[in-house]
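Here is the file run-v1.pdb (PDB, C-alpha atoms).
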ATOM      1  CA  MET A 137      21.777   0.390  -0.838  1.00  0.00           C
ATOM      2  CA  ARG A 138      19.669   1.280  -3.823  1.00  0.00           C
ATOM      3  CA  LEU A 139      16.699   3.666  -3.622  1.00  0.00           C
ATOM      4  CA  SER A 140      14.006   3.694  -6.275  1.00  0.00           C
ATOM      5  CA  THR A 141      10.259   3.832  -6.786  1.00  0.00           C
ATOM      6  CA  LYS A 142      10.018   0.270  -5.470  1.00  0.00           C
ATOM      7  CA  GLY A 143      11.340   1.334  -2.106  1.00  0.00           C
ATOM      8  CA  ARG A 144       9.172   4.452  -1.974  1.00  0.00           C
ATOM      9  CA  PHE A 145       6.023   2.501  -2.821  1.00  0.00           C
ATOM     10  CA  ALA A 146       6.869  -0.258  -0.350  1.00  0.00           C
ATOM     11  CA  VAL A 147       7.419   2.207   2.516  1.00  0.00           C
ATOM     12  CA  THR A 148       4.193   4.066   1.659  1.00  0.00           C
ATOM     13  CA  ALA A 149       2.183   0.834   1.578  1.00  0.00           C
ATOM     14  CA  MET A 150       3.692  -0.356   4.860  1.00  0.00           C
ATOM     15  CA  ILE A 151       2.800   2.957   6.527  1.00  0.00           C
ATOM     16  CA  ASP A 152      -0.755   2.477   5.241  1.00  0.00           C
ATOM     17  CA  ILE A 153      -0.917  -0.974   6.851  1.00  0.00           C
ATOM     18  CA  ALA A 154       0.631   0.306  10.110  1.00  0.00           C
ATOM     19  CA  LEU A 155      -2.000   3.050  10.313  1.00  0.00           C
ATOM     20  CA  ARG A 156      -4.768   0.468   9.918  1.00  0.00           C
ATOM     21  CA  GLU A 157      -3.253  -2.396  11.950  1.00  0.00           C
ATOM     22  CA  HIS A 158      -6.082  -2.273  14.511  1.00  0.00           C
ATOM     23  CA  LEU A 159      -8.711  -2.756  11.763  1.00  0.00           C
ATOM     24  CA  GLY A 160      -7.455  -6.144  10.540  1.00  0.00           C
ATOM     25  CA  PRO A 161      -5.890  -7.170   7.223  1.00  0.00           C
ATOM     26  CA  VAL A 162      -5.632  -4.449   4.568  1.00  0.00           C
ATOM     27  CA  SER A 163      -6.311  -5.337   0.938  1.00  0.00           C
ATOM     28  CA  LEU A 164      -3.848  -4.331  -1.756  1.00  0.00           C
ATOM     29  CA  ALA A 165      -6.777  -3.029  -3.802  1.00  0.00           C
ATOM     30  CA  ALA A 166      -7.557  -0.533  -1.029  1.00  0.00           C
ATOM     31  CA  ILE A 167      -3.908   0.572  -0.819  1.00  0.00           C
ATOM     32  CA  SER A 168      -3.793   0.851  -4.604  1.00  0.00           C
ATOM     33  CA  THR A 169      -6.862   3.086  -4.630  1.00  0.00           C
ATOM     34  CA  ARG A 170      -5.760   5.303  -1.736  1.00  0.00           C
ATOM     35  CA  HIS A 171      -2.266   5.949  -3.109  1.00  0.00           C
ATOM     36  CA  GLN A 172      -2.839   5.619  -6.887  1.00  0.00           C
ATOM     37  CA  MET A 173      -0.384   2.713  -7.197  1.00  0.00           C
ATOM     38  CA  SER A 174      -0.559  -0.150  -9.648  1.00  0.00           C
ATOM     39  CA  LEU A 175      -2.179  -3.192  -8.051  1.00  0.00           C
ATOM     40  CA  SER A 176       0.072  -5.629  -9.920  1.00  0.00           C
ATOM     41  CA  TYR A 177       3.146  -3.657  -8.819  1.00  0.00           C
ATOM     42  CA  LEU A 178       1.979  -3.823  -5.198  1.00  0.00           C
ATOM     43  CA  GLU A 179       1.431  -7.575  -5.546  1.00  0.00           C
ATOM     44  CA  GLN A 180       5.060  -7.999  -6.622  1.00  0.00           C
ATOM     45  CA  LEU A 181       6.345  -5.867  -3.743  1.00  0.00           C
ATOM     46  CA  PHE A 182       4.231  -7.668  -1.155  1.00  0.00           C
ATOM     47  CA  ALA A 183       5.321 -11.075  -2.420  1.00  0.00           C
ATOM     48  CA  ARG A 184       8.900 -10.042  -1.604  1.00  0.00           C
ATOM     49  CA  MET A 185       7.954  -8.562   1.757  1.00  0.00           C
ATOM     50  CA  ARG A 186       6.010 -11.707   2.649  1.00  0.00           C
ATOM     51  CA  THR A 187       8.988 -13.955   1.885  1.00  0.00           C
ATOM     52  CA  THR A 188      11.252 -11.776   4.051  1.00  0.00           C
ATOM     53  CA  GLY A 189       8.817 -11.955   6.972  1.00  0.00           C
ATOM     54  CA  LEU A 190       7.621  -8.351   7.077  1.00  0.00           C
ATOM     55  CA  VAL A 191       3.949  -9.048   6.336  1.00  0.00           C
ATOM     56  CA  ASP A 192       1.492 -11.912   6.682  1.00  0.00           C
ATOM     57  CA  SER A 193      -1.303 -12.545   4.224  1.00  0.00           C
ATOM     58  CA  THR A 194      -4.864 -13.614   4.902  1.00  0.00           C
ATOM     59  CA  ARG A 195      -6.922 -15.136   2.117  1.00  0.00           C
ATOM     60  CA  GLY A 196     -10.625 -14.933   1.462  1.00  0.00           C
ATOM     61  CA  PRO A 197     -13.291 -12.330   2.134  1.00  0.00           C
ATOM     62  CA  GLY A 198     -11.980  -9.700   4.505  1.00  0.00           C
ATOM     63  CA  GLY A 199      -8.437 -10.830   3.770  1.00  0.00           C
ATOM     64  CA  GLY A 200      -5.391  -8.819   2.926  1.00  0.00           C
ATOM     65  CA  TYR A 201      -2.024  -8.082   4.484  1.00  0.00           C
ATOM     66  CA  SER A 202      -1.043  -7.345   8.058  1.00  0.00           C
ATOM     67  CA  LEU A 203       2.296  -6.711   9.728  1.00  0.00           C
ATOM     68  CA  ALA A 204       4.191  -9.858  10.702  1.00  0.00           C
ATOM     69  CA  ARG A 205       6.011  -7.988  13.499  1.00  0.00           C
ATOM     70  CA  ARG A 206       5.172  -5.019  15.647  1.00  0.00           C
ATOM     71  CA  PRO A 207       5.694  -1.717  13.789  1.00  0.00           C
ATOM     72  CA  GLU A 208       8.431  -0.594  16.174  1.00  0.00           C
ATOM     73  CA  GLN A 209      10.425  -3.714  15.174  1.00  0.00           C
ATOM     74  CA  ILE A 210      10.290  -2.962  11.431  1.00  0.00           C
ATOM     75  CA  THR A 211      12.695  -0.351  10.058  1.00  0.00           C
ATOM     76  CA  VAL A 212      12.801   1.506   6.768  1.00  0.00           C
ATOM     77  CA  ALA A 213      16.017  -0.407   6.022  1.00  0.00           C
ATOM     78  CA  ASP A 214      14.122  -3.698   6.445  1.00  0.00           C
ATOM     79  CA  ILE A 215      11.435  -2.609   3.990  1.00  0.00           C
ATOM     80  CA  ILE A 216      13.805  -1.262   1.365  1.00  0.00           C
ATOM     81  CA  GLY A 217      16.107  -4.233   1.763  1.00  0.00           C
ATOM     82  CA  ALA A 218      13.190  -6.575   1.100  1.00  0.00           C
ATOM     83  CA  VAL A 219      12.179  -5.007  -2.217  1.00  0.00           C
ATOM     84  CA  GLU A 220      15.362  -3.503  -3.658  1.00  0.00           C
ATOM     85  CA  THR A 221      18.233  -5.251  -5.368  1.00  0.00           C
ATOM     86  CA  ARG A 222      21.358  -4.647  -3.349  1.00  0.00           C
ATOM     87  CA  VAL A 223      24.231  -2.816  -5.016  1.00  0.00           C
ATOM     88  CA  ASP A 224      26.508  -5.621  -3.778  1.00  0.00           C
ATOM     89  CA  ASP A 225      24.495  -8.083  -5.887  1.00  0.00           C
ATOM     90  CA  VAL A 226      25.684  -6.482  -9.136  1.00  0.00           C
ATOM     91  CA  ASP A 227      27.724  -8.846 -11.274  1.00  0.00           C
ATOM     92  CA  GLU A 228      31.343  -8.773 -10.160  1.00  0.00           C
ATOM     93  CA  ASP A 229      32.523  -9.205 -13.772  1.00  0.00           C
ATOM     94  CA  ASP A 230      31.017  -5.842 -14.769  1.00  0.00           C
ATOM     95  CA  ASP A 231      33.552  -4.030 -16.998  1.00  0.00           C
ATOM     96  CA  SER A 232      32.656  -0.612 -15.550  1.00  0.00           C
ATOM     97  CA  ARG A 233      34.234  -1.601 -12.219  1.00  0.00           C
ATOM     98  CA  ALA A 234      37.582  -2.170 -13.925  1.00  0.00           C
ATOM     99  CA  HIS A 235      37.706   1.453 -15.088  1.00  0.00           C
ATOM    100  CA  PRO A 236      40.129   3.504 -12.911  1.00  0.00           C
ATOM    101  CA  ALA A 237      37.554   6.264 -12.288  1.00  0.00           C
ATOM    102  CA  CYS A 238      35.093   3.702 -10.961  1.00  0.00           C
ATOM    103  CA  LEU A 239      37.695   2.106  -8.731  1.00  0.00           C
ATOM    104  CA  ALA A 240      38.600   5.502  -7.281  1.00  0.00           C
ATOM    105  CA  THR A 241      35.004   6.227  -6.207  1.00  0.00           C
ATOM    106  CA  GLN A 242      34.029   2.678  -5.255  1.00  0.00           C
ATOM    107  CA  ASP A 243      34.909   3.246  -1.590  1.00  0.00           C
ATOM    108  CA  LEU A 244      32.950   6.499  -1.564  1.00  0.00           C
ATOM    109  CA  TRP A 245      29.761   4.813  -2.825  1.00  0.00           C
ATOM    110  CA  HIS A 246      30.256   1.842  -0.507  1.00  0.00           C
ATOM    111  CA  ASN A 247      30.625   4.146   2.532  1.00  0.00           C
ATOM    112  CA  LEU A 248      27.662   6.275   1.473  1.00  0.00           C
ATOM    113  CA  SER A 249      25.531   3.161   1.054  1.00  0.00           C
ATOM    114  CA  GLY A 250      26.521   2.002   4.542  1.00  0.00           C
ATOM    115  CA  ARG A 251      25.613   5.342   6.101  1.00  0.00           C
ATOM    116  CA  MET A 252      22.251   5.377   4.356  1.00  0.00           C
ATOM    117  CA  ARG A 253      21.541   1.864   5.627  1.00  0.00           C
ATOM    118  CA  ASP A 254      22.593   2.833   9.175  1.00  0.00           C
ATOM    119  CA  TYR A 255      20.326   5.902   9.100  1.00  0.00           C
ATOM    120  CA  MET A 256      17.355   3.948   7.739  1.00  0.00           C
ATOM    121  CA  GLN A 257      17.799   1.373  10.499  1.00  0.00           C
ATOM    122  CA  THR A 258      17.081   4.116  13.039  1.00  0.00           C
ATOM    123  CA  ILE A 259      13.636   4.897  11.568  1.00  0.00           C
ATOM    124  CA  SER A 260      10.882   2.526  12.647  1.00  0.00           C
ATOM    125  CA  LEU A 261       7.580   1.977  10.909  1.00  0.00           C
ATOM    126  CA  ARG A 262       5.867   3.020  14.164  1.00  0.00           C
ATOM    127  CA  ALA A 263       7.641   6.414  14.034  1.00  0.00           C
ATOM    128  CA  LEU A 264       6.511   6.950  10.439  1.00  0.00           C
ATOM    129  CA  ALA A 265       2.901   6.003  11.259  1.00  0.00           C
ATOM    130  CA  ASP A 266       2.923   8.287  14.319  1.00  0.00           C
ATOM    131  CA  ALA A 267       4.266  11.140  12.169  1.00  0.00           C
ATOM    132  CA  GLU A 268       1.388  10.634   9.719  1.00  0.00           C
ATOM    133  CA  ARG A 269      -1.129  10.708  12.568  1.00  0.00           C
ATOM    134  CA  ALA A 270       0.485  13.923  13.865  1.00  0.00           C
ATOM    135  CA  LYS A 271      -0.039  15.466  10.420  1.00  0.00           C
ATOM    136  CA  GLY A 272      -3.766  14.774  10.812  1.00  0.00           C
ATOM    137  CA  VAL A 273      -4.171  11.670   8.652  1.00  0.00           C
ATOM    138  CA  LYS A 274      -7.547  10.108   9.440  1.00  0.00           C
ATOM    139  CA  VAL A 275      -8.044   6.366   9.206  1.00  0.00           C
ATOM    140  CA  GLU A 276     -11.539   5.444   8.135  1.00  0.00           C
ATOM    141  CA  ALA A 277     -13.157   2.220   9.256  1.00  0.00           C
ATOM    142  CA  PRO A 278     -13.732  -0.203   6.373  1.00  0.00           C
ATOM    143  CA  VAL A 279     -17.267  -0.563   5.099  1.00  0.00           C
ATOM    144  CA  ALA A 280     -18.611  -4.012   5.895  1.00  0.00           C
ATOM    145  CA  LYS A 281     -19.514  -5.943   2.776  1.00  0.00           C
ATOM    146  CA  ARG A 282     -22.116  -8.649   2.881  1.00  0.00           C
ATOM    147  CA  GLY A 283     -22.009 -10.318  -0.489  1.00  0.00           C
ATOM    148  CA  VAL A 284     -23.748  -9.269  -3.662  1.00  0.00           C
ATOM    149  CA  PHE A 285     -26.425  -7.271  -1.878  1.00  0.00           C
ATOM    150  CA  ALA A 286     -24.005  -5.121   0.120  1.00  0.00           C
ATOM    151  CA  ARG A 287     -24.779  -1.885  -1.687  1.00  0.00           C
ATOM    152  CA  PRO A 288     -27.579   0.153  -0.185  1.00  0.00           C
ATOM    153  CA  LYS A 289     -30.558   0.308  -2.449  1.00  0.00           C
ATOM    154  CA  ALA A 290     -31.459   3.717  -3.762  1.00  0.00           C
ATOM    155  CA  ASP A 291     -34.930   5.013  -2.992  1.00  0.00           C
ATOM    156  CA  VAL A 292     -37.208   4.499  -5.951  1.00  0.00           C
ATOM    157  CA  VAL A 293     -38.644   7.746  -7.203  1.00  0.00           C
ATOM    158  CA  ARG A 294     -42.294   7.298  -8.039  1.00  0.00           C
ATOM    159  CA  PRO A 295     -43.916  10.072 -10.003  1.00  0.00           C
ATOM    160  CA  ALA A 296     -47.280  11.305  -8.771  1.00  0.00           C
ATOM    161  CA  VAL A 297     -48.698  11.477 -12.294  1.00  0.00           C
ATOM    162  CA  PRO A 298     -50.586   8.668 -13.987  1.00  0.00           C
ATOM    163  CA  ASN A 299     -48.450   6.483 -16.232  1.00  0.00           C
ATOM    164  CA  SER A 300     -51.137   5.152 -18.551  1.00  0.00           C
ATOM    165  CA  VAL A 301     -54.425   6.087 -20.173  1.00  0.00           C
ATOM    166  CA  PHE A 302     -56.309   3.801 -17.806  1.00  0.00           C
ATOM    167  CA  ALA A 303     -54.706   5.328 -14.732  1.00  0.00           C
ATOM    168  CA  LEU A 304     -55.422   8.778 -16.127  1.00  0.00           C
ATOM    169  CA  ALA A 305     -59.115   7.900 -16.483  1.00  0.00           C
ATOM    170  CA  GLY A 306     -59.312   6.636 -12.893  1.00  0.00           C
ATOM    171  CA  SER A 307     -57.372   9.542 -11.374  1.00  0.00           C
ATOM    172  CA  GLY A 308     -60.138  12.069 -11.684  1.00  0.00           C
ATOM    173  CA  VAL A 309     -58.029  14.410 -13.785  1.00  0.00           C
ATOM    174  CA  LYS A 310     -60.220  16.169 -16.318  1.00  0.00           C
ATOM    175  CA  ARG A 311     -59.100  17.092 -19.767  1.00  0.00           C
TER
END
Can you give me the file's structure in the form of structure tokens?
Amino acid sequence: MRLSTKGRFAVTAMIDIALREHLGPVSLAAISTRHQMSLSYLEQLFARMRTTGLVDSTRGPGGGYSLARRPEQITVADIIGAVETRVDDVDEDDDSRAHPACLATQDLWHNLSGRMRDYMQTISLRALADAERAKGVKVEAPVAKRGVFARPKADVVRPAVPNSVFALAGSGVKR
């Protein structure tokens, strides 16, 4: 099993979705902003997780990604397995494997990889989300957007002084 930034980002994003599962689909743009991750990188990761059945996507306004299974049924091994290239997938004709030093440690790395996979299969997404809640992570409700005019309009500041010569003459201000 290979561990890299892909796996770390995927687990972080999945925890984010698990924390917000009761609020509906979560947009990748929101995850990107909250965790300072590249949006295009997240899109690649979620395409892989969608094809492996970890997440479902919803299109359109208010769309995003939601968990395809309950969080207690998704393990860290599932997430990492969906986004990482397996060590077993490396080309069998690789010359480095023929080297005696590599052959001597091949069993070690294979066993270590198996133990890591076994350990990660014991950690559910629900446990990770619950641990985040225990740390005091607050989940904010999304702000409802209603089209182009969704932003609240700022109060217009109107000065109490006349803005022209004619208004000055009618204001009763003496020079």
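Atom to atom, CA of Ala218 (chain A) and CA of Ala183 (chain A) stand 9.7 Å apart.
In this structure, CA of Val219 (chain A) sits 12.7 Å away from CA of Thr148 (chain A).
With distances restricted to all atoms listed in the file, A:Val212 is the closest residue to Ile259 (chain A) from A:Val147, A:Val162, A:Val212, A:Met185.
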If we draw a sphere of 12 Å around (16.2, 4.6, 11.0), which residues have at least one atom in it when counting all atoms listed in the file? Please report them as an NGL selection string. :A and (208-216 or 251-264)
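With distances restricted to all atoms listed in the file, A:Ala149 is the closest residue to Leu175 (chain A) from A:Leu244, A:Cys238, A:Val273, A:Ala149.
Among the candidates A:His171, A:Ile153, A:Gly217, A:Ser176, the one nearest to Gly200 (chain A) when counting all atoms listed in the file is A:Ile153.
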How far is it from CA of Leu203 (chain A) to CA of Thr169 (chain A), in Å with one decimal? 19.6 Å
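Among the candidate residues A:Glu276, A:Glu179, A:Glu157, A:Glu268, the one lying nearest to Pro207 (chain A) is A:Glu157, with distances computed using all atoms listed in the file.
With all atoms listed in the file as the atoms that count, the residue of A:Leu159, A:Leu239, A:Leu190, A:Ala277 with the shortest distance to Arg205 (chain A) is A:Leu190.
Nearest residue to Ser249 (chain A) among A:Leu139, A:Arg195, A:Gly189, A:Pro161 is A:Leu139, counting only C-alpha atoms.
Residues selected in this file by the PyMOL selection byres ((chain A and resi 142) around 8) comprise Leu139, Ser140, Thr141, Gly143, Arg144, Phe145, Ala146, Leu181, Ile216, Val219 and Glu220 of chain A.
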